[in-house]
Structures are given as C-alpha cells and as structure tokens.
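Visitor: The structure that follows is given in the form of structure tokens.
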Amino acid sequence: MSGGTGLENENPLIFQRSGARHVTASDEDEDVADPIDDREIFDLIRSINDPEHPLSLEELNVVEQMRVIVKDQESSVSVEFTPTIPHCSMATLIGLSIKVKLLRSLPDRFKIDVHITPGTHASEDAVNKQLGDKERVAAALENSQLLEVVNQCLSSRMM
C-alpha cells in the first residue's frame, strides 16, 4: 500500500487459472527418473498469494509457466515474474516469496534465479539486484516481520 491511501492497483485484471497437471503412470513410478521441469516449478509458485489482493500470482498473471526455465542437469531454475503495474512497491516482496518457496521446496543442489520480466518495472535493476544477492535475501529473512509477511504469501488459502 502506498501511504495508507489504499491499494496501488485497485482493479487488477484477473486471469483464468490453468488446469491441473496431467499425471502419468511413469510420474508415479518411484523407479523412473523424474527430472524437475518448468511445470513442476510453476505448480510450486502459481498459488503464492499476492500481498495486496486475495488472489494468487497466477490469477494476476504475475507468474506464467512460459517464464520458468529449468535446467535439471545443470541444477538451475530461473523464474521471471511480471508485476501488475510498473511502479509496484510489492515487487521485491513478491520476488522474495517466489525465491523462498523454491528454496524450501527444491533440493539444495539448485541455483535459483528470480527476476523481473525485462521492461515491466520502473525499478527492475534495483529489485533484481536485491533478489540476486544471497546476503540481502538472508538478511531479509532474518527480519521477523518481513518473514511473517512472506509466510502469509506462501500460506494456503481456502478457495
């Protein structure tokens, strides 16, 4: 919120949620190697709650499967997210929530890169620098108030 005057984006566009992932027999077979793919990452982050609206990042089109790149063999995941408005003050918090969800969900071998879709935010470089700095991310997560807000974004909500 900006200055307590209300929401920055009072009437965001709401997008249709994608359907459930089709699960095959080999997906369920514990003896078959199952590399992590873009849909698996998208499924982890799509339901993250927006900090300002009672909507998910998927419903606001902040995250899209096509903006997730996974290189399982190289142990890397890259996620681009698109804030709903170019001056979104919540962009760093949204990126931090995505990063924390992936850090908590993926094996330690993965390098996780979360950044703003190029050209979609006025402070893109500053936000990306914060999200890319391990020490800044660690310091942010030591702040109990900020961690509480991140956890609220990551908590399941009734649909």
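Residue numbers start at 1 in each chain; chains themselves are named A, B, ... in the order of the structure tokens; ligands are numbered from 1 in the order shown.
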List as a PyMOL selection string the protein and nucleic acid residues near segment 74-80 of chain A, meaning an atom at most 10 Å away when only C-alpha atoms are counted, but skip any in the same chain fewer than 5 places from it.

Guide: chain A and resi 36-38+41-42+45+62-69+95+98-99+102+106-118

Visitor: Using only C-alpha atoms, which of A:Ser105, A:Asn61, A:Ser56, A:Gln152 sits nearest Pro83 of chain A?

Guide: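 Checking each of A:Ser105, A:Asn61, A:Ser56, A:Gln152 against Pro83 of chain A, counting only C-alpha atoms, the winner is A:Asn61.
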
Visitor: May I have the residues within 8 Å of His87 of chain A as a list in words, using only C-alpha atoms and disregarding those fewer than 4 positions away in the same chain?

Guide: His121, Ala122 and Ser123 of chain A

Visitor: In Å, how far is it from atom CA of Asn151 of chain A to atom CA of Leu60 of chain A?

Guide: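 Interatomic distance here is 19.1 Å.
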
Visitor: Residues within 10 Å of Gly119 of chain A, please, as a PyMOL selection string. Count only C-alpha atoms; anything in the same chain fewer than 6 positions from it doesn't count.

Guide: chain A and resi 82+86+125

Visitor: Just how far from atom CA of Glu135 of chain A is atom CA of His53 of chain A, in Å to one decimal?

Guide: 29.0 Å

Visitor: List every residue of segment 24-155 of chain A that DSSP, applied to the backbone of this structure, places in helix (DSSP H, G or I), and write the result as a ChimeraX atom specification.

Guide: /A:25-28,38-45,65-67,91-105,124-132,134-142,144-154

Visitor: So, with only C-alpha atoms as the atoms that count, which of A:Asn128, A:Thr84, A:Gln73, A:Ser144 lies closest to Asp50 of chain A?

Guide: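 Closest residue, counting only C-alpha atoms: A:Thr84.
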
Visitor: What's the 9 Å shell around Leu93 of chain A, counting only C-alpha atoms, without same-chain residues fewer than 2 positions away, as a PDB file with all heavy atoms, in the first residue's frame?

Guide:
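Below is the file that was written, around_33.pdb:
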```pdb
ATOM      1  N   PRO A  51       0.496 -10.063  -2.094  1.00  0.00           N
ATOM      2  CA  PRO A  51       0.480  -9.379  -0.802  1.00  0.00           C
ATOM      3  C   PRO A  51      -0.644  -8.347  -0.650  1.00  0.00           C
ATOM      4  O   PRO A  51      -0.989  -7.978   0.463  1.00  0.00           O
ATOM      5  CB  PRO A  51       1.847  -8.702  -0.711  1.00  0.00           C
ATOM      6  CG  PRO A  51       2.504  -8.866  -2.009  1.00  0.00           C
ATOM      7  CD  PRO A  51       1.732  -9.829  -2.836  1.00  0.00           C
ATOM      8  N   SER A  89       5.178  -1.396  -5.594  1.00  0.00           N
ATOM      9  CA  SER A  89       6.085  -1.362  -4.447  1.00  0.00           C
ATOM     10  C   SER A  89       6.244  -2.738  -3.808  1.00  0.00           C
ATOM     11  O   SER A  89       7.100  -2.930  -2.949  1.00  0.00           O
ATOM     12  CB  SER A  89       5.566  -0.366  -3.400  1.00  0.00           C
ATOM     13  OG  SER A  89       4.326  -0.800  -2.876  1.00  0.00           O
ATOM     14  N   MET A  90       5.434  -3.689  -4.229  1.00  0.00           N
ATOM     15  CA  MET A  90       5.487  -5.045  -3.668  1.00  0.00           C
ATOM     16  C   MET A  90       6.365  -5.988  -4.494  1.00  0.00           C
ATOM     17  O   MET A  90       6.468  -7.170  -4.173  1.00  0.00           O
ATOM     18  CB  MET A  90       4.074  -5.637  -3.584  1.00  0.00           C
ATOM     19  CG  MET A  90       3.138  -4.871  -2.709  1.00  0.00           C
ATOM     20  SD  MET A  90       3.633  -5.058  -0.999  1.00  0.00           S
ATOM     21  CE  MET A  90       2.711  -3.740  -0.250  1.00  0.00           C
ATOM     22  N   ALA A  91       6.998  -5.498  -5.532  1.00  0.00           N
ATOM     23  CA  ALA A  91       7.762  -6.360  -6.440  1.00  0.00           C
ATOM     24  C   ALA A  91       8.849  -7.150  -5.716  1.00  0.00           C
ATOM     25  O   ALA A  91       9.004  -8.349  -5.944  1.00  0.00           O
ATOM     26  CB  ALA A  91       8.365  -5.536  -7.575  1.00  0.00           C
ATOM     27  N   GLY A  95       8.965 -11.205  -5.380  1.00  0.00           N
ATOM     28  CA  GLY A  95      10.145 -11.969  -5.791  1.00  0.00           C
ATOM     29  C   GLY A  95      10.738 -12.768  -4.645  1.00  0.00           C
ATOM     30  O   GLY A  95      11.139 -13.920  -4.811  1.00  0.00           O
ATOM     31  N   LEU A  96      10.774 -12.165  -3.458  1.00  0.00           N
ATOM     32  CA  LEU A  96      11.289 -12.858  -2.278  1.00  0.00           C
ATOM     33  C   LEU A  96      10.405 -14.052  -1.931  1.00  0.00           C
ATOM     34  O   LEU A  96      10.906 -15.131  -1.599  1.00  0.00           O
ATOM     35  CB  LEU A  96      11.373 -11.886  -1.101  1.00  0.00           C
ATOM     36  CG  LEU A  96      12.004 -12.407   0.184  1.00  0.00           C
ATOM     37  CD1 LEU A  96      13.452 -12.838  -0.045  1.00  0.00           C
ATOM     38  CD2 LEU A  96      11.921 -11.346   1.278  1.00  0.00           C
ATOM     39  N   SER A  97       9.110 -13.891  -2.056  1.00  0.00           N
ATOM     40  CA  SER A  97       8.183 -15.002  -1.772  1.00  0.00           C
ATOM     41  C   SER A  97       8.405 -16.158  -2.747  1.00  0.00           C
ATOM     42  O   SER A  97       8.414 -17.328  -2.340  1.00  0.00           O
ATOM     43  CB  SER A  97       6.734 -14.519  -1.852  1.00  0.00           C
ATOM     44  OG  SER A  97       6.472 -13.551  -0.859  1.00  0.00           O
ATOM     45  N   ILE A  98       8.605 -15.841  -4.018  1.00  0.00           N
ATOM     46  CA  ILE A  98       8.877 -16.875  -5.016  1.00  0.00           C
ATOM     47  C   ILE A  98      10.185 -17.591  -4.670  1.00  0.00           C
ATOM     48  O   ILE A  98      10.262 -18.822  -4.666  1.00  0.00           O
ATOM     49  CB  ILE A  98       8.936 -16.276  -6.435  1.00  0.00           C
ATOM     50  CG1 ILE A  98       7.558 -15.738  -6.854  1.00  0.00           C
ATOM     51  CG2 ILE A  98       9.449 -17.308  -7.448  1.00  0.00           C
ATOM     52  CD1 ILE A  98       7.583 -14.876  -8.117  1.00  0.00           C
ATOM     53  N   LEU A 146       9.088  -9.177   8.219  1.00  0.00           N
ATOM     54  CA  LEU A 146       9.116  -9.470   6.789  1.00  0.00           C
ATOM     55  C   LEU A 146       8.893 -10.958   6.543  1.00  0.00           C
ATOM     56  O   LEU A 146       8.144 -11.341   5.639  1.00  0.00           O
ATOM     57  CB  LEU A 146      10.445  -9.017   6.176  1.00  0.00           C
ATOM     58  CG  LEU A 146      10.597  -9.159   4.674  1.00  0.00           C
ATOM     59  CD1 LEU A 146       9.475  -8.438   3.919  1.00  0.00           C
ATOM     60  CD2 LEU A 146      11.940  -8.626   4.222  1.00  0.00           C
ATOM     61  N   VAL A 149       5.255 -11.781   6.721  1.00  0.00           N
ATOM     62  CA  VAL A 149       4.529 -11.404   5.506  1.00  0.00           C
ATOM     63  C   VAL A 149       4.801 -12.412   4.394  1.00  0.00           C
ATOM     64  O   VAL A 149       3.879 -12.830   3.675  1.00  0.00           O
ATOM     65  CB  VAL A 149       4.897  -9.967   5.052  1.00  0.00           C
ATOM     66  CG1 VAL A 149       4.250  -9.624   3.722  1.00  0.00           C
ATOM     67  CG2 VAL A 149       4.487  -8.956   6.119  1.00  0.00           C
ATOM     68  N   VAL A 150       6.039 -12.837   4.232  1.00  0.00           N
ATOM     69  CA  VAL A 150       6.378 -13.852   3.227  1.00  0.00           C
ATOM     70  C   VAL A 150       5.613 -15.134   3.517  1.00  0.00           C
ATOM     71  O   VAL A 150       5.028 -15.736   2.612  1.00  0.00           O
ATOM     72  CB  VAL A 150       7.909 -14.104   3.180  1.00  0.00           C
ATOM     73  CG1 VAL A 150       8.235 -15.360   2.377  1.00  0.00           C
ATOM     74  CG2 VAL A 150       8.635 -12.895   2.606  1.00  0.00           C
TER      75      VAL A 150
END
```

Visitor: Choose the residue, out of A:Glu40, A:Gln130, A:Cys88, A:Cys153, that has the smallest atom-to-atom separation from Pro54 of chain A; count only C-alpha atoms.

Guide: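 Selected residue with least distance to Pro54 of chain A: A:Cys153.
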
Visitor: Nearest to Val100 of chain A among A:Val137, A:Asp31, A:Ser47, A:Lys129, with distances taken over only C-alpha atoms: which residue is it?

Guide: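 Using only C-alpha atoms, the shortest distance to Val100 of chain A belongs to A:Val137.
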
Visitor: Work out how far apart atom CA of Val70 of chain A and atom CA of Arg104 of chain A are and give it in Å to one decimal.

Guide: 16.5 Å

Visitor: Mind the document's chain letters and residue numbers, and return as a VMD selection string the residues of segment 88-133 of chain A that DSSP labels strand (DSSP E or B).

Guide: chain A and resid 111 to 116

Visitor: Determine the nearest neighbour of Leu44 of chain A from the options A:Lys101, A:Glu58, A:Asp133, A:Ser156, counting only C-alpha atoms.

Guide: A:Lys101
